[in-house]
Amino acid sequence: MAAVTAYKYQAQALMRDYLLADPLVPYSSVLMGIVLCKMAYDFTRILSSFYFKGYTSLTKIQRIEWNNRGMSSAHAIFITAVSLYLVASTDLFSDRIKGPITFRNSIISTAALGVSVGYFITDLAMIFWLYPSLGGMEYVLHHTLSLVAIAYTMLSGEGQFYTYMVLISETTTPEINLRWFLDTAGLKKSSAYLINGILMFVAWLVARIFLFIYVFYHIYLHYSQIMQMHAFGYYLTFLVPSVLFVMNAMWFMKILKGVKKTLAKWP
């Protein structure tokens with residue numbers, strides 16, 4: 001057991017001192033995020049053409065959106081898993097560690113944020129390219145705020161805890177995309193559509209409403225530490241969660257109406 005632990009620490013040291021020691025890691029991780037988005041987009045297209053017979057009958061814009069949603073689901077799964085790991089399974093942001101939580105970061109946490117920046121750059125570019133087919137101004141606002149906030153915390157190392165807490169809300173993205181997939185595939189009246197709708201409602205309530213309330217409470221408790229941040233980071237800490245929470249609440253009301261409407265029609 002001791003030998004295994006020793007090898008583990010040696011591997012971590014090798015990763016930290018050699019593979020991830022380059023100061024260009026944030027920029028290389030952004031590039032990696034863009035490349036991974038392209039791979040996820042192409043993988044969705046290839047997989048769908050083989051296993052979904054109706055894929056070829058979709059319009060060109062529907063196929064693009066189909067592939068785009070596959071890409072966004074892949075990012076959501078990745079960043080949610082990383083966020084939960086860093087926040088809940090490591091001591092990086094633990095209260096047991098001395099020092100302001102607002103200045104804690106690691107090479108791994110910074111690199112993961114870079115991948116997320118790469119995704120938001122890619123998705124925002126596609127939204128502008130096909131505007132408004134992939135989303136209106138609310139998506140532009142959401143992605144722009146997210147991109148600015150994540151890029152800042154990636155480059156400065158400030159406020160990464162709050163960034164990852166907000167990124168946990170990406171856990172709702174696969175359910176949203178699955179709802180669109182099922183609707184487009186003509187399965188709106190299926191049991192899968194109803195179950196996914198209920199899961200989406202619960203996930204949204206937990207990850208985009210209750211979790212944000214906790215973030216605001218945490219900000220209140222650690223306000224003295226947040227005051228030590230640079231002015232830009234200080235204002236981002238309050239602005240981004242607040243704007244996103246308002247948007248989340250508005251979308252949640254639409255989801256609630258949709259769930260009620262679906263349940264009312266269900267036999």
# chains A, B, ... in the order shown; residues from 1 in each chain; ligands from 1
>>> closest_atom_pairs(of="region 101-211 of chain A", to="region 216-234 of chain A", cutoff="9 Å", atoms="only C-alpha atoms", output="tab-separated table")
residue	atom	partner	partner_atom	distance
A:Ile101	CA	A:Gln225	CA	7.4
A:Thr102	CA	A:Ile226	CA	6.4
A:Phe103	CA	A:Met229	CA	8.0
A:Ala149	CA	A:Gly233	CA	8.2
A:Tyr152	CA	A:Gly233	CA	7.5
A:Thr153	CA	A:Gly233	CA	7.7
A:Ser156	CA	A:Gly233	CA	8.7
A:Glu158	CA	A:Gly233	CA	7.0
A:Gly159	CA	A:Gly233	CA	7.3
A:Tyr162	CA	A:Ile219	CA	8.5
A:Leu211	CA	A:Phe216	CA	8.8
>>> select_by_dssp(residues="region 3-175 of chain A", states="helix (DSSP H, G or I)", output="VMD selection string")
chain A and resid 3 to 19 25 to 51 53 to 57 60 to 89 101 to 103 107 to 129 137 to 156 160 to 175
>>> closest_residue(among="A:Glu170, A:Asp95, A:Leu199, A:Cys37", to="Met126 (chain A)", atoms="only C-alpha atoms")
A:Cys37
>>> residues_around(residues="Leu134 (chain A)", least_positions_apart="3", cutoff="9 Å", atoms="only C-alpha atoms", output="PDB file with N, CA, C and O atoms, in the first residue's frame")
ATOM      1  N   ILE A  61     -30.088  22.461 -41.055  1.00  0.00           N
ATOM      2  CA  ILE A  61     -29.959  23.202 -39.805  1.00  0.00           C
ATOM      3  C   ILE A  61     -30.300  22.307 -38.619  1.00  0.00           C
ATOM      4  O   ILE A  61     -29.696  22.438 -37.541  1.00  0.00           O
ATOM      5  N   ILE A  64     -27.225  20.206 -37.931  1.00  0.00           N
ATOM      6  CA  ILE A  64     -26.196  21.020 -37.267  1.00  0.00           C
ATOM      7  C   ILE A  64     -26.536  21.192 -35.795  1.00  0.00           C
ATOM      8  O   ILE A  64     -25.672  21.035 -34.927  1.00  0.00           O
ATOM      9  N   GLU A  65     -27.800  21.494 -35.503  1.00  0.00           N
ATOM     10  CA  GLU A  65     -28.204  21.659 -34.106  1.00  0.00           C
ATOM     11  C   GLU A  65     -28.112  20.334 -33.356  1.00  0.00           C
ATOM     12  O   GLU A  65     -27.726  20.308 -32.181  1.00  0.00           O
ATOM     13  N   ASN A  68     -24.526  19.874 -32.594  1.00  0.00           N
ATOM     14  CA  ASN A  68     -24.137  20.885 -31.616  1.00  0.00           C
ATOM     15  C   ASN A  68     -24.586  20.499 -30.209  1.00  0.00           C
ATOM     16  O   ASN A  68     -23.858  20.681 -29.229  1.00  0.00           O
ATOM     17  N   MET A 126     -20.663  29.350 -33.160  1.00  0.00           N
ATOM     18  CA  MET A 126     -21.719  28.687 -33.924  1.00  0.00           C
ATOM     19  C   MET A 126     -23.047  29.417 -33.791  1.00  0.00           C
ATOM     20  O   MET A 126     -23.818  29.496 -34.756  1.00  0.00           O
ATOM     21  N   ILE A 127     -23.315  29.950 -32.588  1.00  0.00           N
ATOM     22  CA  ILE A 127     -24.553  30.708 -32.384  1.00  0.00           C
ATOM     23  C   ILE A 127     -24.566  31.951 -33.271  1.00  0.00           C
ATOM     24  O   ILE A 127     -25.578  32.268 -33.924  1.00  0.00           O
ATOM     25  N   PHE A 128     -23.444  32.670 -33.322  1.00  0.00           N
ATOM     26  CA  PHE A 128     -23.360  33.855 -34.177  1.00  0.00           C
ATOM     27  C   PHE A 128     -23.428  33.476 -35.661  1.00  0.00           C
ATOM     28  O   PHE A 128     -24.048  34.172 -36.462  1.00  0.00           O
ATOM     29  N   LEU A 130     -24.942  30.974 -37.095  1.00  0.00           N
ATOM     30  CA  LEU A 130     -26.263  30.540 -37.542  1.00  0.00           C
ATOM     31  C   LEU A 130     -27.389  31.324 -36.858  1.00  0.00           C
ATOM     32  O   LEU A 130     -28.525  30.860 -36.834  1.00  0.00           O
ATOM     33  N   TYR A 131     -27.071  32.464 -36.306  1.00  0.00           N
ATOM     34  CA  TYR A 131     -28.041  33.251 -35.539  1.00  0.00           C
ATOM     35  C   TYR A 131     -29.296  33.525 -36.369  1.00  0.00           C
ATOM     36  O   TYR A 131     -29.207  33.923 -37.543  1.00  0.00           O
ATOM     37  N   TYR A 139     -29.199  33.367 -25.153  1.00  0.00           N
ATOM     38  CA  TYR A 139     -28.057  32.445 -25.223  1.00  0.00           C
ATOM     39  C   TYR A 139     -26.747  33.207 -25.419  1.00  0.00           C
ATOM     40  O   TYR A 139     -25.711  32.826 -24.871  1.00  0.00           O
TER      41      TYR A 139
END
>>> residues_around(residues="Val115 (chain A)", least_positions_apart="6", cutoff="7 Å", atoms="only C-alpha atoms", output="tab-separated table (two decimals) with N, CA, C and O atoms, in the first residue's frame")
chain	number	residue	atom	x	y	z
A	29	SER	N	-4.88	24.54	-23.11
A	29	SER	CA	-6.11	23.86	-22.71
A	29	SER	C	-7.32	24.45	-23.44
A	29	SER	O	-8.27	23.73	-23.74
A	30	VAL	N	-7.29	25.75	-23.72
A	30	VAL	CA	-8.36	26.36	-24.52
A	30	VAL	C	-8.38	25.75	-25.92
A	30	VAL	O	-9.43	25.40	-26.45
A	32	MET	N	-7.18	22.87	-26.74
A	32	MET	CA	-7.63	21.50	-26.58
A	32	MET	C	-9.15	21.43	-26.47
A	32	MET	O	-9.78	20.52	-27.03
A	33	GLY	N	-9.74	22.39	-25.76
A	33	GLY	CA	-11.19	22.43	-25.64
A	33	GLY	C	-11.87	22.60	-26.99
A	33	GLY	O	-12.88	21.95	-27.27
>>> atom_distance(atom1="CA of Asn105 (chain A)", atom2="CA of Met154 (chain A)")
9.0 Å
>>> residues_around(residues="Gly70 (chain A)", least_positions_apart="3", cutoff="9 Å", atoms="only C-alpha atoms", output="list in words")
Ala40, Tyr41, Phe43, Thr44, Arg45, Glu65, Trp66, Asn67, Ser73, Ala74, His75, Pro174 and Asn177 of chain A
>>> residues_around(residues="region 258-260 of chain A", least_positions_apart="6", cutoff="8 Å", atoms="only C-alpha atoms", output="PyMOL selection string")
chain A and resi 197-198+201
>>> write_last_selection(atoms="C-alpha atoms", output="PDB file, in the first residue's frame")
ATOM      1  CA  GLY A 197     -38.964  16.160 -18.313  1.00  0.00           C
ATOM      2  CA  ILE A 198     -39.393  15.303 -14.638  1.00  0.00           C
ATOM      3  CA  PHE A 201     -37.320  19.803 -13.579  1.00  0.00           C
TER       4      PHE A 201
END
>>> closest_residue(among="A:Ala249, A:Val166, A:Ala81, A:Ile255", to="Asn196 (chain A)", atoms="only C-alpha atoms")
A:Ile255
>>> closest_residue(among="A:Leu194, A:Met247, A:Ile168, A:Val206", to="Met137 (chain A)", atoms="only C-alpha atoms")
A:Met247
>>> closest_residue(among="A:Phe252, A:Phe238, A:Phe93, A:Tyr164", to="Val202 (chain A)", atoms="only C-alpha atoms")
A:Phe252
>>> closest_residue(among="A:Val25, A:Asp183, A:Leu178, A:Pro132", to="Ile107 (chain A)", atoms="only C-alpha atoms")
A:Val25
>>> residues_around(residues="region 56-59 of chain A", least_positions_apart="4", cutoff="12 Å", atoms="only C-alpha atoms", output="VMD selection string")
chain A and resid 45 to 52 63 to 67 181 184 to 186
>>> write_last_selection(atoms="N, CA, C and O atoms", output="CSV table (one decimal), in the first residue's frame")
chain,number,residue,atom,x,y,z
A,45,ARG,N,-22.3,13.3,-35.1
A,45,ARG,CA,-22.7,13.2,-36.5
A,45,ARG,C,-22.6,11.7,-37.0
A,45,ARG,O,-23.5,11.2,-37.6
A,46,ILE,N,-21.4,11.1,-36.8
A,46,ILE,CA,-21.1,9.8,-37.3
A,46,ILE,C,-22.0,8.8,-36.6
A,46,ILE,O,-22.6,7.9,-37.2
A,47,LEU,N,-22.1,8.9,-35.2
A,47,LEU,CA,-22.9,7.9,-34.5
A,47,LEU,C,-24.3,8.0,-34.8
A,47,LEU,O,-25.0,7.0,-35.0
A,48,SER,N,-24.9,9.2,-35.0
A,48,SER,CA,-26.3,9.4,-35.3
A,48,SER,C,-26.6,8.9,-36.7
A,48,SER,O,-27.7,8.3,-36.9
A,49,SER,N,-25.7,9.0,-37.6
A,49,SER,CA,-26.0,8.6,-39.0
A,49,SER,C,-26.1,7.0,-39.0
A,49,SER,O,-26.7,6.5,-39.9
A,50,PHE,N,-25.4,6.4,-38.1
A,50,PHE,CA,-25.4,4.9,-38.1
A,50,PHE,C,-26.6,4.3,-37.3
A,50,PHE,O,-27.2,3.3,-37.6
A,51,TYR,N,-26.9,5.0,-36.1
A,51,TYR,CA,-27.9,4.4,-35.2
A,51,TYR,C,-29.2,5.1,-35.1
A,51,TYR,O,-30.1,4.7,-34.5
A,52,PHE,N,-29.4,6.3,-35.8
A,52,PHE,CA,-30.7,6.9,-35.9
A,52,PHE,C,-31.1,7.1,-37.3
A,52,PHE,O,-30.6,7.9,-38.1
A,63,ARG,N,-29.7,19.1,-38.5
A,63,ARG,CA,-28.5,18.2,-38.3
A,63,ARG,C,-27.4,18.9,-37.6
A,63,ARG,O,-26.7,18.4,-36.7
A,64,ILE,N,-27.2,20.2,-37.9
A,64,ILE,CA,-26.2,21.0,-37.3
A,64,ILE,C,-26.5,21.2,-35.8
A,64,ILE,O,-25.7,21.0,-34.9
A,65,GLU,N,-27.8,21.5,-35.5
A,65,GLU,CA,-28.2,21.7,-34.1
A,65,GLU,C,-28.1,20.3,-33.4
A,65,GLU,O,-27.7,20.3,-32.2
A,66,TRP,N,-28.4,19.2,-34.0
A,66,TRP,CA,-28.3,17.9,-33.4
A,66,TRP,C,-26.9,17.6,-33.0
A,66,TRP,O,-26.6,17.2,-31.8
A,67,ASN,N,-26.0,17.9,-33.9
A,67,ASN,CA,-24.6,17.7,-33.6
A,67,ASN,C,-24.1,18.6,-32.5
A,67,ASN,O,-23.2,18.3,-31.7
A,181,PHE,N,-33.8,16.2,-28.5
A,181,PHE,CA,-33.6,15.0,-29.4
A,181,PHE,C,-34.9,14.2,-29.5
A,181,PHE,O,-35.2,13.8,-30.6
A,184,THR,N,-37.5,16.1,-31.6
A,184,THR,CA,-37.1,16.1,-33.0
A,184,THR,C,-37.3,14.7,-33.6
A,184,THR,O,-37.6,14.6,-34.8
A,185,ALA,N,-37.1,13.7,-32.8
A,185,ALA,CA,-37.2,12.3,-33.3
A,185,ALA,C,-38.7,11.8,-33.3
A,185,ALA,O,-39.0,10.7,-33.7
A,186,GLY,N,-39.6,12.7,-33.0
A,186,GLY,CA,-41.0,12.4,-33.0
A,186,GLY,C,-41.4,11.5,-31.8
A,186,GLY,O,-42.4,10.8,-31.9
>>> closest_residue(among="A:Ala88, A:His142, A:Thr171, A:Ala151", to="Ser242 (chain A)", atoms="only C-alpha atoms")
A:His142
